[in-house]
Number of protein chains: 2
Amino acid sequence: MVESDRRAHRLTALRELLGRADLDALLITSLPNVRYLTGFSGSNALLAVTAKECLLITDFRYETQVAEEVGRAASVRIESSNLWTGLWSALPAMAGVDRVGFESAHLLHRDFARLLEQGTRWTWRPTTDLVEQLREQKDEGEIARIERAIGMAEEALSRTLQTLRPGLTETQVAGLLERNLRDAGSEAFPFDSIVASGPRSALPHARASDRVLGTGDLVLLDFGAVAHGYCSDITRTVVLGRADETQREIYDIVCEANRRASGAIRVGMQGMAADAVARDYIAARGFGDAFGHSLGHGIGLEVHEAPRLAKTVEAALTAGSVVTIEPGIYRVGWGGVRIEDDVLLTAQGPRVLTGFSRDLLEIV
Amino acid sequence: MVESDRRAHRLTALRELLGRADLDALLITSLPNVRYLTGFSGSNALLAVTAKECLLITDFRYETQVAEEVGRAASVRIESSNLWTGLWSALPAMAGVDRVGFESAHLLHRDFARLLEQGTRWTWRPTTDLVEQLREQKDEGEIARIERAIGMAEEALSRTLQTLRPGLTETQVAGLLERNLRDAGSEAFPFDSIVASGPRSALPHARASDRVLGTGDLVLLDFGAVAHGYCSDITRTVVLGRADETQREIYDIVCEANRRASGAIRVGMQGMAADAVARDYIAARGFGDAFGHSLGHGIGLEVHEAPRLAKTVEAALTAGSVVTIEPGIYRVGWGGVRIEDDVLLTAQGPRVLTGFSRDLLEIV
């Protein structure tokens, strides 16, 4: 199936959801949702989808790019100033449109106020997750792109570990890693790379600082690549020098928690049940309080998307999801270990897409 | 003045604005606004400011970080799940609060719905630009950080140009540039670096592609650094090899437009008047249709913030603003030239903070 057919298929599926929700149209303001349906990757767009039409509104800066990216997936309207002006011009001409959904999680109050003030001839209804639920089930084209982004991340990690040494700052290591990601072909960075060493590795959301790496440090690297818009997200924690007994013990627990969760996750399982596989094991080994975040999240056009693998998530996992599995143990003042893989859920079981070794690496 | 005094000063100024707007409190959901007032740089926060209190709500992942960053600028509440739960617990205890402003441009409809459903005992009022108008006037600490971020960007550009050569892809050049930014100490990248060569330089919002640089190409580099949260944003366009007559002619026009705008911009001038200085010159030289974007924008904690220098902006510029001046000429199929500097507006006149040469560089 070619990309244009995939997009047509997505639009058909969305129209079915609109029909079931008793909506004549959907106004899409989430840029990843716009990209999913049309291929447009610019930073400014509105998309209106009705039973028969699909109208993309963007600005003059993207005139060349939008024509190349969108093809026949949507009709395109170029605005010289405000996109909303384009919407109020175009919407009255779209036939049979009365009840219009909008994306409650992706529309600012300021723009919601526009709907109430300038869109009085339509009935506006908040929706959540209509496009997101489609995006949760990746097609083969999307999976290929994620695999490509994973390959880039793994290649970059390999090369970076060859040059990791005491005396570099975390920021310099981030620079090495990011250059290697670019050399591997990454279009962008899906999030600020995390390079956290020594006690800083205990901060689950540390970025990179000017801390100098020393012998004996844990070094946690959490980063990703982007291929044709699709993200990877992986973490490895290494020891600079020889690991001591505590480092080895904690590493082994996290590694086993990762292995168990990646092996046990299944289509139909609740997000909370997947989370519990890793969490219960870590707790049984005596570190229940030290795993202070959720097990994982979906990846795709965004680095955090549906589904979530967390204590409170009752929703069942679906085939075609790609999720991170990223248990960790963090101890303030000592440091932390996290091991994160990207896993595809299929009807036949989980497939771990990350091939990079999970053995404890001692950089000597 | 130390940073904690600066923060206290900002809070006092905000409280004056609240008083004038007849508000008892402001709910702040913009993360850059939270950082400006409290120093907190995490990715999940709500801030409530009343005449006497300043309450920051974040989640358990940031427990260590928030204590280090915020100090006495705010009282901190850590939530284990949803920040809004914390707000509904804390707000009733805040004295004298009835009319509460919220940030219309930074509150999603989904969260606005929470205010209406769960916040029925308060009167909610949309506000715009309350904190943003304070942020527009940088204090000396902020200017020093922006200057540091500019220095990092210039150092990285110098080093990158030394290795620029035909045969590299745009993505590889981005990797070189980003590594040099990290080596210069940049905490992050304020936006996806743009490396656009040959005909691709005509796309004002190109990122980096796998296009291979060739001799004779224009190469446009638009990128920035981050120092203590503050951004720089600069663009230089070079020629790989010897410039031909057309490249030289267009470069000179853009360079002169940059020089004129940087020299003429003044406190009290309207944003549209600053834009016109460059635009009118480019039009007079016969390229009026080829400068398809605005002259510039403020930089600070965000890479795009107030004020804007654009055709439609009537607001007057204020002392302490730092703005980009970035005229360009773009011709589809041929390429584009943009030269972007960062300029501080003072009561004594403009001060161009970017020191990097604006002469046409031929990389041979």
# chains A, B, ... in the order shown; residues from 1 in each chain; ligands from 1
call {"tool": "interface_residues", "arguments": {"of": "chain B", "to": "chain A", "cutoff": "7 Å", "atoms": "only C-alpha atoms", "output": "list in words"}}
result
Arg61, Ser104, Ala105, His106, Leu107, Leu108, His109, Arg110, Phe112, Thr171, Gln172, Gly175, Leu176, Glu178, Arg179, Arg182, Asp183, Gly185, Glu187, Ala188, Asp192, Pro204, Ala208, Ser209 and Gly292 of chain B
call {"tool": "write_last_selection", "arguments": {"atoms": "C-alpha atoms", "output": "compact mmCIF listing (two decimals), in the first residue's frame"}}
result
# COMPACT_ATOMS: atom_id res chain seq x y z
CA ARG B 61 9.09 13.68 39.31
CA SER B 104 -6.70 32.50 27.55
CA ALA B 105 -3.80 31.88 25.15
CA HIS B 106 -2.32 29.12 27.35
CA LEU B 107 -5.31 27.16 28.63
CA LEU B 108 -6.72 24.28 26.62
CA HIS B 109 -10.48 23.95 26.24
CA ARG B 110 -10.24 20.68 28.17
CA PHE B 112 -11.14 25.51 30.76
CA THR B 171 21.50 16.96 8.12
CA GLN B 172 25.21 16.33 8.66
CA GLY B 175 24.87 17.71 13.38
CA LEU B 176 28.16 19.60 13.23
CA GLU B 178 24.53 21.24 17.08
CA ARG B 179 27.61 19.49 18.43
CA ARG B 182 26.72 21.78 22.87
CA ASP B 183 30.48 22.19 23.14
CA GLY B 185 27.61 24.99 26.54
CA GLU B 187 21.56 23.58 27.38
CA ALA B 188 19.20 22.75 24.56
CA ASP B 192 14.83 22.68 15.04
CA PRO B 204 11.73 30.14 4.90
CA ALA B 208 17.53 20.08 7.34
CA SER B 209 17.19 17.41 4.66
CA GLY B 292 7.53 36.70 2.52
call {"tool": "select_by_dssp", "arguments": {"residues": "region 196-281 of chain B", "states": "alpha helix (DSSP H)", "output": "VMD selection string"}}
result
chain B and resid 245 to 264 271 to 281
call {"tool": "residues_around", "arguments": {"residues": "Leu83 (chain A)", "least_positions_apart": "3", "cutoff": "10 Å", "atoms": "only C-alpha atoms", "output": "MDAnalysis selection string"}}
result
chainID A and resid 44:46 56:59 77:80 86:88
call {"tool": "residues_around", "arguments": {"residues": "Arg266 (chain A)", "least_positions_apart": "6", "cutoff": "7 Å", "atoms": "only C-alpha atoms", "output": "VMD selection string"}}
result
chain A and resid 345 349 to 350
call {"tool": "write_last_selection", "arguments": {"atoms": "N, CA and C atoms", "output": "PDB file, in the first residue's frame"}}
result
ATOM      1  N   LEU A 345       3.075  -4.085  19.672  1.00  0.00           N
ATOM      2  CA  LEU A 345       2.104  -5.095  20.091  1.00  0.00           C
ATOM      3  C   LEU A 345       1.423  -5.676  18.853  1.00  0.00           C
ATOM      4  N   GLY A 349       1.607 -11.410  19.795  1.00  0.00           N
ATOM      5  CA  GLY A 349       2.430 -11.150  20.983  1.00  0.00           C
ATOM      6  C   GLY A 349       3.304  -9.935  20.783  1.00  0.00           C
ATOM      7  N   PRO A 350       4.089  -9.591  21.817  1.00  0.00           N
ATOM      8  CA  PRO A 350       4.921  -8.382  21.727  1.00  0.00           C
ATOM      9  C   PRO A 350       6.158  -8.642  20.860  1.00  0.00           C
TER      10      PRO A 350
END
call {"tool": "select_by_dssp", "arguments": {"residues": "region 143-276 of chain A", "states": "strand (DSSP E or B)", "output": "PyMOL selection string"}}
result
chain A and resi 169+194-197+212+218-223+226-227+230-231+234-240+270
call {"tool": "atom_distance", "arguments": {"atom1": "CA of Val238 (chain B)", "atom2": "CA of Ile363 (chain B)"}}
result
7.2 Å
call {"tool": "residues_around", "arguments": {"residues": "Leu295 (chain B)", "least_positions_apart": "5", "cutoff": "12 Å", "atoms": "only C-alpha atoms", "output": "MDAnalysis selection string"}}
result
chainID B and resid 254 257:258 260:262 265 271:280 282 307:313 323:329 338:342
call {"tool": "residues_around", "arguments": {"residues": "region 5-21 of chain B", "least_positions_apart": "3", "cutoff": "8 Å", "atoms": "only C-alpha atoms", "output": "ChimeraX atom specification"}}
result
/B:1-2,24-26,36-39,50-51,73,130-131,134
call {"tool": "write_last_selection", "arguments": {"atoms": "C-alpha atoms", "output": "short mmCIF file (atom, residue, chain, number, x, y, z; two decimals), in the first residue's frame"}}
result
data_model
loop_
_atom_site.label_atom_id
_atom_site.label_comp_id
_atom_site.auth_asym_id
_atom_site.auth_seq_id
_atom_site.Cartn_x
_atom_site.Cartn_y
_atom_site.Cartn_z
CA MET B 1 20.59 42.53 42.07
CA VAL B 2 20.45 38.78 42.65
CA ASP B 24 -7.89 38.69 43.13
CA ALA B 25 -5.68 36.02 41.63
CA LEU B 26 -4.17 34.71 38.41
CA TYR B 36 9.84 33.70 34.69
CA LEU B 37 8.11 34.17 38.03
CA THR B 38 9.54 31.24 39.99
CA GLY B 39 12.62 29.86 38.22
CA THR B 50 -2.79 36.15 44.79
CA ALA B 51 -2.05 39.47 46.50
CA ALA B 73 9.96 32.41 45.21
CA LEU B 130 -0.34 39.89 31.69
CA VAL B 131 2.95 38.10 32.38
CA LEU B 134 6.37 42.06 31.91
#
call {"tool": "closest_residue", "arguments": {"among": "B:Asn82, B:Asp129, B:Pro92, B:Val322", "to": "Ile28 (chain B)", "atoms": "only C-alpha atoms"}}
result
B:Asp129
call {"tool": "residues_around", "arguments": {"residues": "Arg148 (chain A)", "least_positions_apart": "5", "cutoff": "10 Å", "atoms": "only C-alpha atoms", "output": "short mmCIF file (atom, residue, chain, number, x, y, z; two decimals) with N, CA and C atoms, in the first residue's frame"}}
result
data_model
loop_
_atom_site.label_atom_id
_atom_site.label_comp_id
_atom_site.auth_asym_id
_atom_site.auth_seq_id
_atom_site.Cartn_x
_atom_site.Cartn_y
_atom_site.Cartn_z
N GLU A 142 3.92 3.11 9.02
CA GLU A 142 4.32 3.80 10.26
C GLU A 142 5.32 2.96 11.05
N ILE A 143 5.08 1.67 11.09
CA ILE A 143 5.99 0.80 11.85
C ILE A 143 7.38 0.82 11.21
N ALA A 153 18.81 5.67 16.25
CA ALA A 153 19.15 5.89 17.67
C ALA A 153 20.19 4.87 18.12
N GLU A 154 20.04 3.64 17.68
CA GLU A 154 20.98 2.59 18.09
C GLU A 154 22.36 2.82 17.50
N ALA A 184 23.39 9.69 11.45
CA ALA A 184 22.57 8.51 11.14
C ALA A 184 21.33 8.91 10.34
N GLY A 185 21.10 10.22 10.17
CA GLY A 185 20.00 10.67 9.32
C GLY A 185 18.79 11.23 10.05
N SER A 186 18.88 11.39 11.37
CA SER A 186 17.71 11.88 12.11
C SER A 186 17.32 13.29 11.66
N ALA A 225 15.40 9.50 17.87
CA ALA A 225 15.60 10.02 16.52
C ALA A 225 14.22 10.21 15.88
N VAL A 226 14.21 10.87 14.74
CA VAL A 226 12.97 11.08 13.99
C VAL A 226 13.21 10.70 12.53
N ALA A 227 12.34 9.83 12.00
CA ALA A 227 12.42 9.42 10.59
C ALA A 227 11.06 9.64 9.95
N HIS A 228 11.00 10.47 8.93
CA HIS A 228 9.73 10.82 8.26
C HIS A 228 8.65 11.15 9.28
N TYR A 230 8.35 10.19 12.39
CA TYR A 230 8.09 9.21 13.45
C TYR A 230 9.29 9.09 14.39
N CYS A 231 8.97 8.96 15.68
CA CYS A 231 9.98 9.03 16.74
C CYS A 231 10.40 7.67 17.25
N SER A 232 11.62 7.61 17.73
CA SER A 232 12.04 6.52 18.62
C SER A 232 12.40 7.15 19.96
#
call {"tool": "atom_distance", "arguments": {"atom1": "CA of Leu23 (chain B)", "atom2": "CA of Asp98 (chain B)"}}
result
8.1 Å
call {"tool": "atom_distance", "arguments": {"atom1": "CA of Val100 (chain A)", "atom2": "CA of Leu27 (chain A)"}}
result
6.9 Å
call {"tool": "closest_residue", "arguments": {"among": "A:Lys138, A:Asp22, A:Gly151, A:Arg248", "to": "Gly336 (chain A)", "atoms": "only C-alpha atoms"}}
result
A:Arg248
